[in-house]
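entry.txt, holding compact mmCIF, C-alpha atoms:
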```
# COMPACT_ATOMS: atom_id res chain seq x y z
CA ASP A 259 40.48 26.23 13.57
CA ILE A 260 39.94 24.21 10.40
CA PRO A 261 37.20 21.61 10.81
CA GLN A 262 38.51 18.08 10.54
CA MET A 263 37.18 16.29 7.47
CA THR A 264 35.97 12.77 8.04
CA SER A 265 35.75 10.16 5.33
CA LEU A 266 33.46 7.21 4.80
CA SER A 267 34.84 4.30 6.80
CA LEU A 268 33.62 0.88 7.85
CA ALA A 269 35.31 -1.00 10.68
CA GLY A 270 32.90 -3.93 10.32
CA PHE A 271 31.53 -6.19 13.05
CA ARG A 272 32.69 -5.52 16.57
CA PRO A 273 33.61 -8.21 17.57
CA ASN A 274 34.34 -10.12 14.36
CA PRO A 275 33.30 -12.92 14.30
CA ALA A 276 30.01 -11.82 15.84
CA GLY A 277 27.61 -14.03 17.74
CA SER A 278 24.29 -12.75 19.02
CA ASP A 279 25.61 -9.18 19.25
CA ALA A 280 26.29 -8.02 15.70
CA ASN A 281 27.44 -4.43 16.15
CA VAL A 282 28.78 -2.51 13.15
CA ALA A 283 31.16 0.44 13.56
CA PHE A 284 31.29 3.02 10.75
CA THR A 285 31.83 6.71 10.03
CA LEU A 286 29.81 8.96 7.74
CA PRO A 287 31.43 12.12 6.37
CA ARG A 288 28.20 14.02 5.72
CA ARG A 289 24.46 14.07 6.22
CA ALA A 290 23.23 12.35 3.06
CA PRO A 291 21.41 9.10 2.25
CA ALA A 292 23.60 6.12 3.15
CA THR A 293 22.94 2.39 3.16
CA LEU A 294 24.50 -0.38 5.22
CA GLU A 295 24.05 -3.83 3.65
CA LEU A 296 24.90 -7.37 4.64
CA ILE A 297 25.54 -9.65 1.64
CA ASP A 298 25.82 -13.43 1.84
CA ILE A 299 28.51 -15.52 0.16
CA ALA A 300 26.23 -16.06 -2.89
CA GLY A 301 25.98 -12.30 -3.42
CA ARG A 302 22.42 -11.91 -2.13
CA ARG A 303 21.61 -8.87 0.01
CA VAL A 304 20.16 -10.35 3.20
CA LEU A 305 19.90 -7.13 5.19
CA SER A 306 19.72 -3.47 4.25
CA ARG A 307 19.46 -0.48 6.57
CA GLU A 308 19.29 3.23 5.70
CA VAL A 309 21.78 4.97 8.02
CA GLY A 310 22.25 8.43 6.48
CA SER A 311 19.81 9.95 8.95
CA LEU A 312 22.37 9.31 11.71
CA GLY A 313 24.36 12.22 10.29
CA PRO A 314 28.10 12.79 10.05
CA GLY A 315 30.46 11.20 12.56
CA SER A 316 31.26 7.82 14.08
CA HIS A 317 28.46 5.37 14.81
CA VAL A 318 27.96 1.87 16.20
CA LEU A 319 24.76 0.17 15.09
CA ARG A 320 23.38 -3.09 16.42
CA LEU A 321 21.98 -5.34 13.68
CA ASP A 322 19.29 -7.25 15.56
CA GLU A 323 18.19 -8.91 12.31
CA ALA A 324 21.55 -10.74 12.11
CA GLU A 325 20.44 -13.04 14.94
CA LYS A 326 18.07 -14.74 12.48
CA LEU A 327 20.76 -15.36 9.84
CA PRO A 328 22.75 -18.59 9.57
CA ALA A 329 26.37 -18.70 10.67
CA GLY A 330 28.78 -17.98 7.87
CA VAL A 331 30.91 -15.46 6.01
CA TYR A 332 29.24 -12.27 4.81
CA HIS A 333 30.27 -8.93 3.40
CA LEU A 334 29.23 -5.66 4.98
CA ARG A 335 28.90 -2.82 2.50
CA LEU A 336 28.45 0.86 3.33
CA ARG A 337 27.44 3.23 0.53
CA GLN A 338 27.02 6.99 0.49
CA SER A 339 27.16 9.61 -2.30
CA GLY A 340 28.57 7.24 -4.92
CA THR A 341 31.26 5.85 -2.60
CA SER A 342 31.20 2.25 -1.40
CA ILE A 343 33.35 0.41 1.11
CA ALA A 344 33.13 -3.27 2.11
CA ARG A 345 34.50 -5.48 4.89
CA ARG A 346 34.37 -9.20 5.55
CA ALA A 347 32.05 -10.17 8.39
CA VAL A 348 31.63 -13.53 10.09
CA LEU A 349 28.61 -14.74 12.07
CA VAL A 350 29.03 -17.65 14.49
CA ARG A 351 26.48 -19.45 16.63
```

I need this file expressed as structure tokens, please.
Amino acid sequence: DIPQMTSLSLAGFRPNPAGSDANVAFTLPRRAPATLELIDIAGRRVLSREVGSLGPGSHVLRLDEAEKLPAGVYHLRLRQSGTSIARRAVLVR
């Protein structure tokens, strides 16, 4: 059997828009430093979490810190090994 190669992917908030439960679904292809960031509409990084230690595979991470952020449109960005992927994310209250 040939091992299935996974690629960096970011599904974004589940659900989107997110209320008090801001869960982010993503996949890491390898065990290497990786960063998940939440960026506000002005381009400021309001949240950053190192997620590479989770290892390769699919993950769902709860962003408890998002509860303290104002409602609005954000961008989620996942970066690993020089690759970056972004998705639109909406917080509602």

Coordinates-based distance that separates atom CA of A:Leu336 from atom CA of A:Val350 (Å, one decimal): 21.6 Å

Pick from A:Arg289, A:Arg307, A:Arg351, A:Arg335, whichever lies nearest to A:Glu323 using all atoms listed in the file: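 With all atoms listed in the file as the atom set, the closest residue is A:Arg307.
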
Sorted by chain and rising residue number, which residues of stretch 319-345 of chain A lie within 6 Å of stretch 291-301 of chain A, and what are their closest atom pairs and distances in Å to one decimal, counting only C-alpha atoms, as CSV?
```
residue,atom,partner,partner_atom,distance
A:Tyr332,CA,A:Asp298,CA,4.7
A:His333,CA,A:Ile297,CA,5.1
A:Leu334,CA,A:Leu296,CA,4.7
A:Arg335,CA,A:Glu295,CA,5.1
A:Leu336,CA,A:Leu294,CA,4.6
A:Arg337,CA,A:Thr293,CA,5.3
A:Gln338,CA,A:Ala292,CA,4.4
```

Output C-alpha atoms for every residue in the selection just made, as an mmCIF file, in the frame of the given file.
```
data_model
loop_
_atom_site.group_PDB
_atom_site.id
_atom_site.type_symbol
_atom_site.label_atom_id
_atom_site.label_comp_id
_atom_site.auth_asym_id
_atom_site.auth_seq_id
_atom_site.Cartn_x
_atom_site.Cartn_y
_atom_site.Cartn_z
ATOM 1 C CA TYR A 332 29.240 -12.270 4.810
ATOM 2 C CA HIS A 333 30.270 -8.930 3.400
ATOM 3 C CA LEU A 334 29.230 -5.660 4.980
ATOM 4 C CA ARG A 335 28.900 -2.820 2.500
ATOM 5 C CA LEU A 336 28.450 0.860 3.330
ATOM 6 C CA ARG A 337 27.440 3.230 0.530
ATOM 7 C CA GLN A 338 27.020 6.990 0.490
#
```

Residue contacts of stretch 273-285 of chain A (7 Å, only C-alpha atoms) excluding same-chain residues fewer than 3 positions away, as a list in words: Leu266, Ser267, Leu268, Ala269, Gly270, Gly315, Ser316, His317, Val318, Leu319, Arg320, Leu321, Ala324, Glu325, Ala347, Val348, Leu349, Val350 and Arg351 of chain A

Length of the atom CA of A:Leu286 to atom CA of A:Gly313 vector [Å]: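 These atoms are spaced 6.8 Å apart.
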
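Atom pair atom CA of A:Arg288 / atom CA of A:Arg272: separated by 22.8 Å.
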
Residue nearest A:Leu305 among A:Lys326, A:Arg345, A:Phe271, A:Val331 (counting all atoms listed in the file): A:Lys326

Final all heavy atoms of stretch 307-318 of chain A as a short mmCIF file (atom, residue, chain, number, x, y, z; two decimals), keeping the file's coordinate frame:
```cif
data_model
loop_
_atom_site.label_atom_id
_atom_site.label_comp_id
_atom_site.auth_asym_id
_atom_site.auth_seq_id
_atom_site.Cartn_x
_atom_site.Cartn_y
_atom_site.Cartn_z
N ARG A 307 19.92 -1.49 5.61
CA ARG A 307 19.46 -0.48 6.57
C ARG A 307 19.89 0.90 6.09
O ARG A 307 21.06 1.11 5.78
CB ARG A 307 20.07 -0.81 7.93
CG ARG A 307 19.78 0.17 9.03
CD ARG A 307 18.65 -0.17 9.98
NE ARG A 307 18.63 -1.47 10.56
CZ ARG A 307 19.07 -1.78 11.77
NH1 ARG A 307 19.66 -0.87 12.52
NH2 ARG A 307 18.94 -2.99 12.23
N GLU A 308 18.97 1.85 6.05
CA GLU A 308 19.29 3.23 5.70
C GLU A 308 19.88 3.87 6.95
O GLU A 308 19.26 3.85 8.02
CB GLU A 308 18.04 3.99 5.24
CG GLU A 308 18.30 5.22 4.40
CD GLU A 308 18.99 6.35 5.12
OE1 GLU A 308 18.60 6.71 6.25
OE2 GLU A 308 19.96 6.89 4.56
N VAL A 309 21.09 4.42 6.84
CA VAL A 309 21.78 4.97 8.02
C VAL A 309 22.17 6.44 7.86
O VAL A 309 22.75 7.02 8.76
CB VAL A 309 23.04 4.13 8.37
CG1 VAL A 309 22.65 2.73 8.81
CG2 VAL A 309 24.02 4.09 7.21
N GLY A 310 21.86 7.04 6.72
CA GLY A 310 22.25 8.43 6.48
C GLY A 310 21.64 9.41 7.46
O GLY A 310 22.23 10.45 7.77
N SER A 311 20.47 9.07 8.01
CA SER A 311 19.81 9.95 8.95
C SER A 311 20.57 10.09 10.26
O SER A 311 20.30 10.99 11.05
CB SER A 311 18.39 9.47 9.23
OG SER A 311 18.41 8.17 9.80
N LEU A 312 21.55 9.20 10.51
CA LEU A 312 22.37 9.31 11.71
C LEU A 312 23.29 10.52 11.66
O LEU A 312 23.78 10.98 12.68
CB LEU A 312 23.22 8.04 11.91
CG LEU A 312 22.42 6.76 12.15
CD1 LEU A 312 23.35 5.55 12.16
CD2 LEU A 312 21.64 6.85 13.45
N GLY A 313 23.54 11.02 10.45
CA GLY A 313 24.36 12.22 10.29
C GLY A 313 25.85 11.93 10.31
O GLY A 313 26.28 10.78 10.49
N PRO A 314 26.66 12.98 10.11
CA PRO A 314 28.10 12.79 10.05
C PRO A 314 28.68 12.39 11.41
O PRO A 314 28.14 12.74 12.45
CB PRO A 314 28.62 14.16 9.61
CG PRO A 314 27.55 15.13 9.94
CD PRO A 314 26.26 14.37 9.91
N GLY A 315 29.78 11.62 11.35
CA GLY A 315 30.46 11.20 12.56
C GLY A 315 30.56 9.70 12.68
O GLY A 315 30.16 8.96 11.77
N SER A 316 31.07 9.25 13.82
CA SER A 316 31.26 7.82 14.08
C SER A 316 30.02 7.23 14.73
O SER A 316 29.41 7.86 15.61
CB SER A 316 32.45 7.61 15.00
OG SER A 316 33.63 8.07 14.38
N HIS A 317 29.67 6.02 14.31
CA HIS A 317 28.46 5.37 14.81
C HIS A 317 28.73 3.89 15.06
O HIS A 317 29.58 3.29 14.40
CB HIS A 317 27.32 5.48 13.79
CG HIS A 317 27.03 6.88 13.38
ND1 HIS A 317 26.33 7.75 14.17
CD2 HIS A 317 27.38 7.58 12.27
CE1 HIS A 317 26.24 8.93 13.56
NE2 HIS A 317 26.87 8.84 12.40
N VAL A 318 27.99 3.32 15.99
CA VAL A 318 27.96 1.87 16.20
C VAL A 318 26.49 1.49 16.18
O VAL A 318 25.68 2.03 16.93
CB VAL A 318 28.62 1.45 17.53
CG1 VAL A 318 28.46 -0.05 17.74
CG2 VAL A 318 30.08 1.84 17.55
#
```
